[in-house]
Amino acid sequence: MADCIFCSIVDGDIPNHTVYEDDDVLAFLDVNPLARGHTLVIPKEHHERVNDLPADLAADVFAAVHDLTDDVEAAVDAEATTIAVNNGPAAGQEVPHVHAHIVPRSEEDGGKPIHALIESPPEVDDDEFGDLAAAIRDD
(Lines give C-alpha, C1' and ligand atoms only; values in the text may rest on other atoms or scores of the structure.)
Protein backbone atom coordinates (compact mmCIF):
# COMPACT_ATOMS: atom_id res chain seq x y z
CA MET A 1 0.00 0.00 0.00
CA ALA A 2 1.58 3.24 -1.17
CA ASP A 3 0.71 5.46 1.80
CA CYS A 4 1.48 2.92 4.55
CA ILE A 5 4.65 3.69 6.50
CA PHE A 6 5.17 0.02 7.36
CA CYS A 7 4.83 -1.00 3.70
CA SER A 8 7.45 1.65 2.90
CA ILE A 9 9.73 0.08 5.52
CA VAL A 10 9.15 -3.38 4.00
CA ASP A 11 9.94 -1.97 0.53
CA GLY A 12 13.20 -0.48 1.82
CA ASP A 13 12.10 3.12 1.21
CA ILE A 14 12.39 4.01 4.90
CA PRO A 15 15.42 2.84 6.88
CA ASN A 16 14.89 0.80 10.02
CA HIS A 17 16.77 -1.23 12.58
CA THR A 18 15.76 -4.75 11.61
CA VAL A 19 16.01 -7.42 14.30
CA TYR A 20 14.33 -10.27 12.38
CA GLU A 21 13.25 -10.97 8.83
CA ASP A 22 11.99 -13.90 6.83
CA ASP A 23 9.90 -14.17 3.66
CA ASP A 24 6.67 -13.10 5.37
CA VAL A 25 7.54 -11.24 8.59
CA LEU A 26 9.70 -8.25 9.50
CA ALA A 27 10.60 -7.08 13.01
CA PHE A 28 12.34 -3.81 13.77
CA LEU A 29 12.90 -1.36 16.59
CA ASP A 30 10.15 1.18 17.14
CA VAL A 31 11.45 4.71 16.41
CA ASN A 32 9.16 6.07 19.16
CA PRO A 33 9.98 3.48 21.82
CA LEU A 34 8.17 3.13 25.11
CA ALA A 35 11.32 1.40 26.39
CA ARG A 36 14.76 0.53 25.06
CA GLY A 37 14.36 -2.50 22.79
CA HIS A 38 10.69 -1.80 21.95
CA THR A 39 10.19 -3.97 18.88
CA LEU A 40 7.45 -4.07 16.25
CA VAL A 41 6.61 -7.31 14.45
CA ILE A 42 4.66 -6.99 11.18
CA PRO A 43 3.54 -9.11 8.28
CA LYS A 44 5.32 -7.92 5.13
CA GLU A 45 2.03 -8.15 3.23
CA HIS A 46 -0.34 -5.28 4.01
CA HIS A 47 -3.28 -6.16 6.24
CA GLU A 48 -4.93 -3.54 8.40
CA ARG A 49 -6.31 -5.68 11.23
CA VAL A 50 -5.54 -9.03 12.83
CA ASN A 51 -8.90 -10.36 11.63
CA ASP A 52 -7.82 -9.54 8.04
CA LEU A 53 -4.77 -11.82 8.24
CA PRO A 54 -4.90 -15.27 6.67
CA ALA A 55 -4.52 -17.82 9.47
CA ASP A 56 -1.13 -19.08 8.26
CA LEU A 57 0.28 -15.53 8.17
CA ALA A 58 -1.13 -14.78 11.62
CA ALA A 59 0.63 -17.91 12.87
CA ASP A 60 3.90 -16.74 11.30
CA VAL A 61 3.63 -13.26 12.84
CA PHE A 62 2.86 -14.57 16.30
CA ALA A 63 5.53 -17.27 16.04
CA ALA A 64 8.02 -14.45 15.42
CA VAL A 65 6.65 -12.57 18.45
CA HIS A 66 7.09 -15.73 20.49
CA ASP A 67 10.65 -16.29 19.31
CA LEU A 68 11.73 -12.66 19.67
CA THR A 69 10.40 -12.08 23.19
CA ASP A 70 13.32 -13.80 24.94
CA ASP A 71 15.81 -12.01 22.67
CA VAL A 72 14.31 -8.58 23.36
CA GLU A 73 14.23 -9.20 27.12
CA ALA A 74 17.82 -10.46 27.11
CA ALA A 75 19.12 -7.58 25.00
CA VAL A 76 17.98 -4.97 27.51
CA ASP A 77 18.00 -7.09 30.67
CA ALA A 78 14.24 -6.72 31.07
CA GLU A 79 12.33 -8.51 33.78
CA ALA A 80 9.27 -8.92 31.56
CA THR A 81 7.53 -7.67 28.43
CA THR A 82 4.17 -6.33 27.47
CA ILE A 83 3.04 -7.77 24.16
CA ALA A 84 0.24 -5.78 22.59
CA VAL A 85 -1.75 -5.42 19.40
CA ASN A 86 -4.00 -2.40 18.89
CA ASN A 87 -6.57 -3.77 16.46
CA GLY A 88 -8.36 -0.86 14.78
CA PRO A 89 -8.44 2.90 15.38
CA ALA A 90 -10.86 2.67 18.33
CA ALA A 91 -8.27 0.44 20.06
CA GLY A 92 -5.49 2.97 19.52
CA GLN A 93 -4.04 1.56 16.30
CA GLU A 94 -2.15 4.48 14.75
CA VAL A 95 -0.66 2.73 11.71
CA PRO A 96 -3.27 0.80 9.70
CA HIS A 97 -1.00 -2.23 9.19
CA VAL A 98 -1.06 -5.15 11.62
CA HIS A 99 1.75 -4.88 14.12
CA ALA A 100 2.56 -6.44 17.46
CA HIS A 101 4.53 -4.51 20.05
CA ILE A 102 7.10 -6.24 22.23
CA VAL A 103 7.78 -3.72 25.01
CA PRO A 104 10.46 -4.54 27.59
CA ARG A 105 9.24 -3.91 31.15
CA SER A 106 10.60 -3.59 34.65
CA GLU A 107 9.08 -2.99 38.07
CA GLU A 108 10.43 0.60 37.97
CA ASP A 109 9.08 1.70 34.57
CA GLY A 110 5.84 3.19 35.86
CA GLY A 111 3.87 1.27 33.24
CA LYS A 112 0.49 -0.08 34.04
CA PRO A 113 -1.29 -3.38 33.37
CA ILE A 114 -3.79 -3.80 30.55
CA HIS A 115 -6.71 -3.24 32.92
CA ALA A 116 -5.51 0.36 33.35
CA LEU A 117 -6.27 1.12 29.67
CA ILE A 118 -9.99 1.65 30.18
CA GLU A 119 -11.11 4.35 32.60
CA SER A 120 -14.72 3.16 32.94
CA PRO A 121 -14.97 -0.61 32.51
CA PRO A 122 -18.48 -2.09 32.40
CA GLU A 123 -20.10 -4.05 35.18
CA VAL A 124 -21.02 -7.45 33.75
CA ASP A 125 -23.28 -9.88 35.62
CA ASP A 126 -23.22 -13.68 35.32
CA ASP A 127 -26.12 -13.81 32.85
CA GLU A 128 -24.41 -11.35 30.53
CA PHE A 129 -21.13 -13.30 30.78
CA GLY A 130 -23.05 -16.37 29.59
CA ASP A 131 -24.67 -14.44 26.72
CA LEU A 132 -21.34 -12.94 25.67
CA ALA A 133 -19.60 -16.31 25.76
CA ALA A 134 -22.36 -17.84 23.64
CA ALA A 135 -22.15 -14.98 21.12
CA ILE A 136 -18.38 -15.36 20.85
CA ARG A 137 -18.74 -19.11 20.42
CA ASP A 138 -21.42 -18.30 17.83
CA ASP A 139 -23.97 -20.60 19.52
# chains A, B, ... in the order shown; residues from 1 in each chain; ligands from 1
>>> select_by_dssp(residues="stretch 73-138 of chain A", states="helix (DSSP H, G or I)", output="PyMOL selection string")
chain A and resi 73-76+89-91+114-116+126-137
>>> select_by_dssp(residues="stretch 40-96 of chain A", states="strand (DSSP E)", output="list in words")
Leu40, Val41, Ile42, Pro43, Ala80, Thr81, Thr82, Ile83 and Ala84 of chain A
>>> write_last_selection(atoms="N, CA, C and O atoms", output="mmCIF file, in the first residue's frame")
data_model
loop_
_atom_site.group_PDB
_atom_site.id
_atom_site.type_symbol
_atom_site.label_atom_id
_atom_site.label_comp_id
_atom_site.auth_asym_id
_atom_site.auth_seq_id
_atom_site.Cartn_x
_atom_site.Cartn_y
_atom_site.Cartn_z
ATOM 1 N N LEU A 40 8.695 -3.861 16.988
ATOM 2 C CA LEU A 40 7.453 -4.071 16.250
ATOM 3 C C LEU A 40 7.612 -5.282 15.344
ATOM 4 O O LEU A 40 8.652 -5.430 14.687
ATOM 5 N N VAL A 41 6.619 -6.127 15.300
ATOM 6 C CA VAL A 41 6.610 -7.308 14.445
ATOM 7 C C VAL A 41 5.428 -7.174 13.500
ATOM 8 O O VAL A 41 4.286 -7.015 13.947
ATOM 9 N N ILE A 42 5.709 -7.215 12.181
ATOM 10 C CA ILE A 42 4.659 -6.987 11.185
ATOM 11 C C ILE A 42 4.682 -8.068 10.106
ATOM 12 O O ILE A 42 5.734 -8.632 9.811
ATOM 13 N N PRO A 43 3.524 -8.318 9.506
ATOM 14 C CA PRO A 43 3.543 -9.109 8.275
ATOM 15 C C PRO A 43 4.052 -8.201 7.155
ATOM 16 O O PRO A 43 3.753 -6.998 7.142
ATOM 17 N N ALA A 80 10.508 -8.459 32.176
ATOM 18 C CA ALA A 80 9.273 -8.925 31.558
ATOM 19 C C ALA A 80 9.033 -8.124 30.276
ATOM 20 O O ALA A 80 9.829 -7.249 29.935
ATOM 21 N N THR A 81 7.936 -8.430 29.606
ATOM 22 C CA THR A 81 7.533 -7.665 28.428
ATOM 23 C C THR A 81 6.021 -7.527 28.420
ATOM 24 O O THR A 81 5.303 -8.383 28.938
ATOM 25 N N THR A 82 5.569 -6.448 27.828
ATOM 26 C CA THR A 82 4.167 -6.333 27.473
ATOM 27 C C THR A 82 4.096 -6.561 25.977
ATOM 28 O O THR A 82 4.837 -5.934 25.210
ATOM 29 N N ILE A 83 3.238 -7.476 25.580
ATOM 30 C CA ILE A 83 3.038 -7.770 24.160
ATOM 31 C C ILE A 83 1.626 -7.298 23.834
ATOM 32 O O ILE A 83 0.658 -7.713 24.474
ATOM 33 N N ALA A 84 1.530 -6.405 22.844
ATOM 34 C CA ALA A 84 0.242 -5.778 22.586
ATOM 35 C C ALA A 84 -0.014 -5.617 21.099
ATOM 36 O O ALA A 84 0.913 -5.399 20.321
#
>>> residues_around(residues="A:Asp60", least_positions_apart="4", cutoff="12 Å", atoms="only C-alpha atoms", output="JSON, numbers by chain")
{"A": [21, 22, 23, 24, 25, 26, 27, 41, 42, 43, 44, 45, 53, 54, 55, 56, 64, 65, 66, 67]}
>>> residues_around(residues="A:Asp11", least_positions_apart="4", cutoff="12 Å", atoms="only C-alpha atoms", output="VMD selection string")
chain A and resid 1 to 7 15 to 16 26 44 to 46
>>> write_last_selection(atoms="N, CA, C and O atoms", output="PDB file, in the first residue's frame")
ATOM      1  N   MET A   1       0.849  -1.176   0.000  1.00  0.00           N
ATOM      2  CA  MET A   1       0.000   0.000   0.000  1.00  0.00           C
ATOM      3  C   MET A   1       0.893   1.237   0.000  1.00  0.00           C
ATOM      4  O   MET A   1       1.761   1.382   0.858  1.00  0.00           O
ATOM      5  N   ALA A   2       0.677   2.119  -0.918  1.00  0.00           N
ATOM      6  CA  ALA A   2       1.579   3.244  -1.170  1.00  0.00           C
ATOM      7  C   ALA A   2       1.709   4.214  -0.007  1.00  0.00           C
ATOM      8  O   ALA A   2       2.790   4.751   0.230  1.00  0.00           O
ATOM      9  N   ASP A   3       0.636   4.468   0.730  1.00  0.00           N
ATOM     10  CA  ASP A   3       0.707   5.461   1.799  1.00  0.00           C
ATOM     11  C   ASP A   3       0.903   4.856   3.185  1.00  0.00           C
ATOM     12  O   ASP A   3       0.769   5.544   4.189  1.00  0.00           O
ATOM     13  N   CYS A   4       1.271   3.597   3.268  1.00  0.00           N
ATOM     14  CA  CYS A   4       1.484   2.917   4.551  1.00  0.00           C
ATOM     15  C   CYS A   4       2.965   2.971   4.918  1.00  0.00           C
ATOM     16  O   CYS A   4       3.815   2.485   4.173  1.00  0.00           O
ATOM     17  N   ILE A   5       3.262   3.561   6.068  1.00  0.00           N
ATOM     18  CA  ILE A   5       4.655   3.693   6.500  1.00  0.00           C
ATOM     19  C   ILE A   5       5.317   2.326   6.673  1.00  0.00           C
ATOM     20  O   ILE A   5       6.484   2.147   6.334  1.00  0.00           O
ATOM     21  N   PHE A   6       4.577   1.337   7.169  1.00  0.00           N
ATOM     22  CA  PHE A   6       5.172   0.017   7.358  1.00  0.00           C
ATOM     23  C   PHE A   6       5.440  -0.660   6.022  1.00  0.00           C
ATOM     24  O   PHE A   6       6.440  -1.361   5.862  1.00  0.00           O
ATOM     25  N   CYS A   7       4.569  -0.463   5.036  1.00  0.00           N
ATOM     26  CA  CYS A   7       4.830  -1.003   3.701  1.00  0.00           C
ATOM     27  C   CYS A   7       6.072  -0.336   3.098  1.00  0.00           C
ATOM     28  O   CYS A   7       6.863  -0.998   2.423  1.00  0.00           O
ATOM     29  N   PRO A  15      14.469   3.664   6.127  1.00  0.00           N
ATOM     30  CA  PRO A  15      15.419   2.841   6.882  1.00  0.00           C
ATOM     31  C   PRO A  15      14.838   2.420   8.234  1.00  0.00           C
ATOM     32  O   PRO A  15      13.958   3.087   8.783  1.00  0.00           O
ATOM     33  N   ASN A  16      15.330   1.307   8.725  1.00  0.00           N
ATOM     34  CA  ASN A  16      14.892   0.804  10.023  1.00  0.00           C
ATOM     35  C   ASN A  16      16.011   0.002  10.647  1.00  0.00           C
ATOM     36  O   ASN A  16      17.024  -0.275  10.012  1.00  0.00           O
ATOM     37  N   LEU A  26       8.600  -9.164   9.229  1.00  0.00           N
ATOM     38  CA  LEU A  26       9.700  -8.250   9.503  1.00  0.00           C
ATOM     39  C   LEU A  26       9.530  -7.738  10.925  1.00  0.00           C
ATOM     40  O   LEU A  26       8.407  -7.412  11.346  1.00  0.00           O
ATOM     41  N   LYS A  44       4.838  -8.736   6.245  1.00  0.00           N
ATOM     42  CA  LYS A  44       5.315  -7.924   5.125  1.00  0.00           C
ATOM     43  C   LYS A  44       4.171  -7.539   4.190  1.00  0.00           C
ATOM     44  O   LYS A  44       4.170  -6.458   3.619  1.00  0.00           O
ATOM     45  N   GLU A  45       3.215  -8.404   4.061  1.00  0.00           N
ATOM     46  CA  GLU A  45       2.035  -8.145   3.231  1.00  0.00           C
ATOM     47  C   GLU A  45       1.095  -7.225   4.011  1.00  0.00           C
ATOM     48  O   GLU A  45       0.904  -7.403   5.214  1.00  0.00           O
ATOM     49  N   HIS A  46       0.521  -6.250   3.340  1.00  0.00           N
ATOM     50  CA  HIS A  46      -0.341  -5.283   4.014  1.00  0.00           C
ATOM     51  C   HIS A  46      -1.688  -5.893   4.399  1.00  0.00           C
ATOM     52  O   HIS A  46      -2.426  -6.408   3.555  1.00  0.00           O
TER      53      HIS A  46
END
>>> residues_around(residues="A:Glu48", least_positions_apart="5", cutoff="10 Å", atoms="only C-alpha atoms", output="number ranges by chain")
A: 4, 53, 87-88, 93, 95-99
>>> write_last_selection(atoms="N, CA, C and O atoms", output="mmCIF file, in the first residue's frame")
data_model
loop_
_atom_site.group_PDB
_atom_site.id
_atom_site.type_symbol
_atom_site.label_atom_id
_atom_site.label_comp_id
_atom_site.auth_asym_id
_atom_site.auth_seq_id
_atom_site.Cartn_x
_atom_site.Cartn_y
_atom_site.Cartn_z
ATOM 1 N N CYS A 4 1.271 3.597 3.268
ATOM 2 C CA CYS A 4 1.484 2.917 4.551
ATOM 3 C C CYS A 4 2.965 2.971 4.918
ATOM 4 O O CYS A 4 3.815 2.485 4.173
ATOM 5 N N LEU A 53 -5.901 -10.948 8.563
ATOM 6 C CA LEU A 53 -4.770 -11.818 8.243
ATOM 7 C C LEU A 53 -5.233 -13.231 7.903
ATOM 8 O O LEU A 53 -6.069 -13.788 8.621
ATOM 9 N N ASN A 87 -5.894 -3.231 17.635
ATOM 10 C CA ASN A 87 -6.567 -3.770 16.463
ATOM 11 C C ASN A 87 -7.710 -2.862 16.028
ATOM 12 O O ASN A 87 -8.858 -3.065 16.399
ATOM 13 N N GLY A 88 -7.389 -1.828 15.253
ATOM 14 C CA GLY A 88 -8.360 -0.857 14.782
ATOM 15 C C GLY A 88 -8.199 0.476 15.478
ATOM 16 O O GLY A 88 -7.680 0.547 16.596
ATOM 17 N N GLN A 93 -4.931 1.886 17.409
ATOM 18 C CA GLN A 93 -4.037 1.563 16.298
ATOM 19 C C GLN A 93 -3.780 2.828 15.488
ATOM 20 O O GLN A 93 -4.690 3.417 14.922
ATOM 21 N N VAL A 95 -1.090 3.088 13.061
ATOM 22 C CA VAL A 95 -0.661 2.727 11.710
ATOM 23 C C VAL A 95 -1.579 1.604 11.240
ATOM 24 O O VAL A 95 -1.637 0.550 11.877
ATOM 25 N N PRO A 96 -2.303 1.807 10.142
ATOM 26 C CA PRO A 96 -3.269 0.801 9.698
ATOM 27 C C PRO A 96 -2.614 -0.376 8.979
ATOM 28 O O PRO A 96 -2.873 -0.666 7.812
ATOM 29 N N HIS A 97 -1.711 -1.038 9.658
ATOM 30 C CA HIS A 97 -1.002 -2.233 9.186
ATOM 31 C C HIS A 97 -0.786 -3.063 10.442
ATOM 32 O O HIS A 97 -0.260 -2.537 11.442
ATOM 33 N N VAL A 98 -1.194 -4.304 10.432
ATOM 34 C CA VAL A 98 -1.061 -5.153 11.616
ATOM 35 C C VAL A 98 0.350 -5.060 12.166
ATOM 36 O O VAL A 98 1.324 -5.158 11.417
ATOM 37 N N HIS A 99 0.447 -4.857 13.473
ATOM 38 C CA HIS A 99 1.750 -4.880 14.123
ATOM 39 C C HIS A 99 1.597 -5.237 15.596
ATOM 40 O O HIS A 99 0.656 -4.810 16.256
#
>>> closest_residue(among="A:Val10, A:Ala59, A:Leu29, A:Ala91", to="A:Leu117", atoms="only C-alpha atoms")
A:Ala91
>>> atom_distance(atom1="atom CA of A:Glu108", atom2="atom CA of A:Val76")
14.0 Å
>>> atom_distance(atom1="atom CA of A:Val61", atom2="atom CA of A:Lys112")
25.2 Å
>>> atom_distance(atom1="atom CA of A:Ser106", atom2="atom CA of A:Ala75")
13.5 Å
>>> closest_residue(among="A:Asn51, A:Leu57, A:Val103, A:Ala133", to="A:Asp30", atoms="only C-alpha atoms")
A:Val103
>>> closest_residue(among="A:His17, A:Asn32, A:Glu79, A:Asp71", to="A:Asp109", atoms="only C-alpha atoms")
A:Glu79
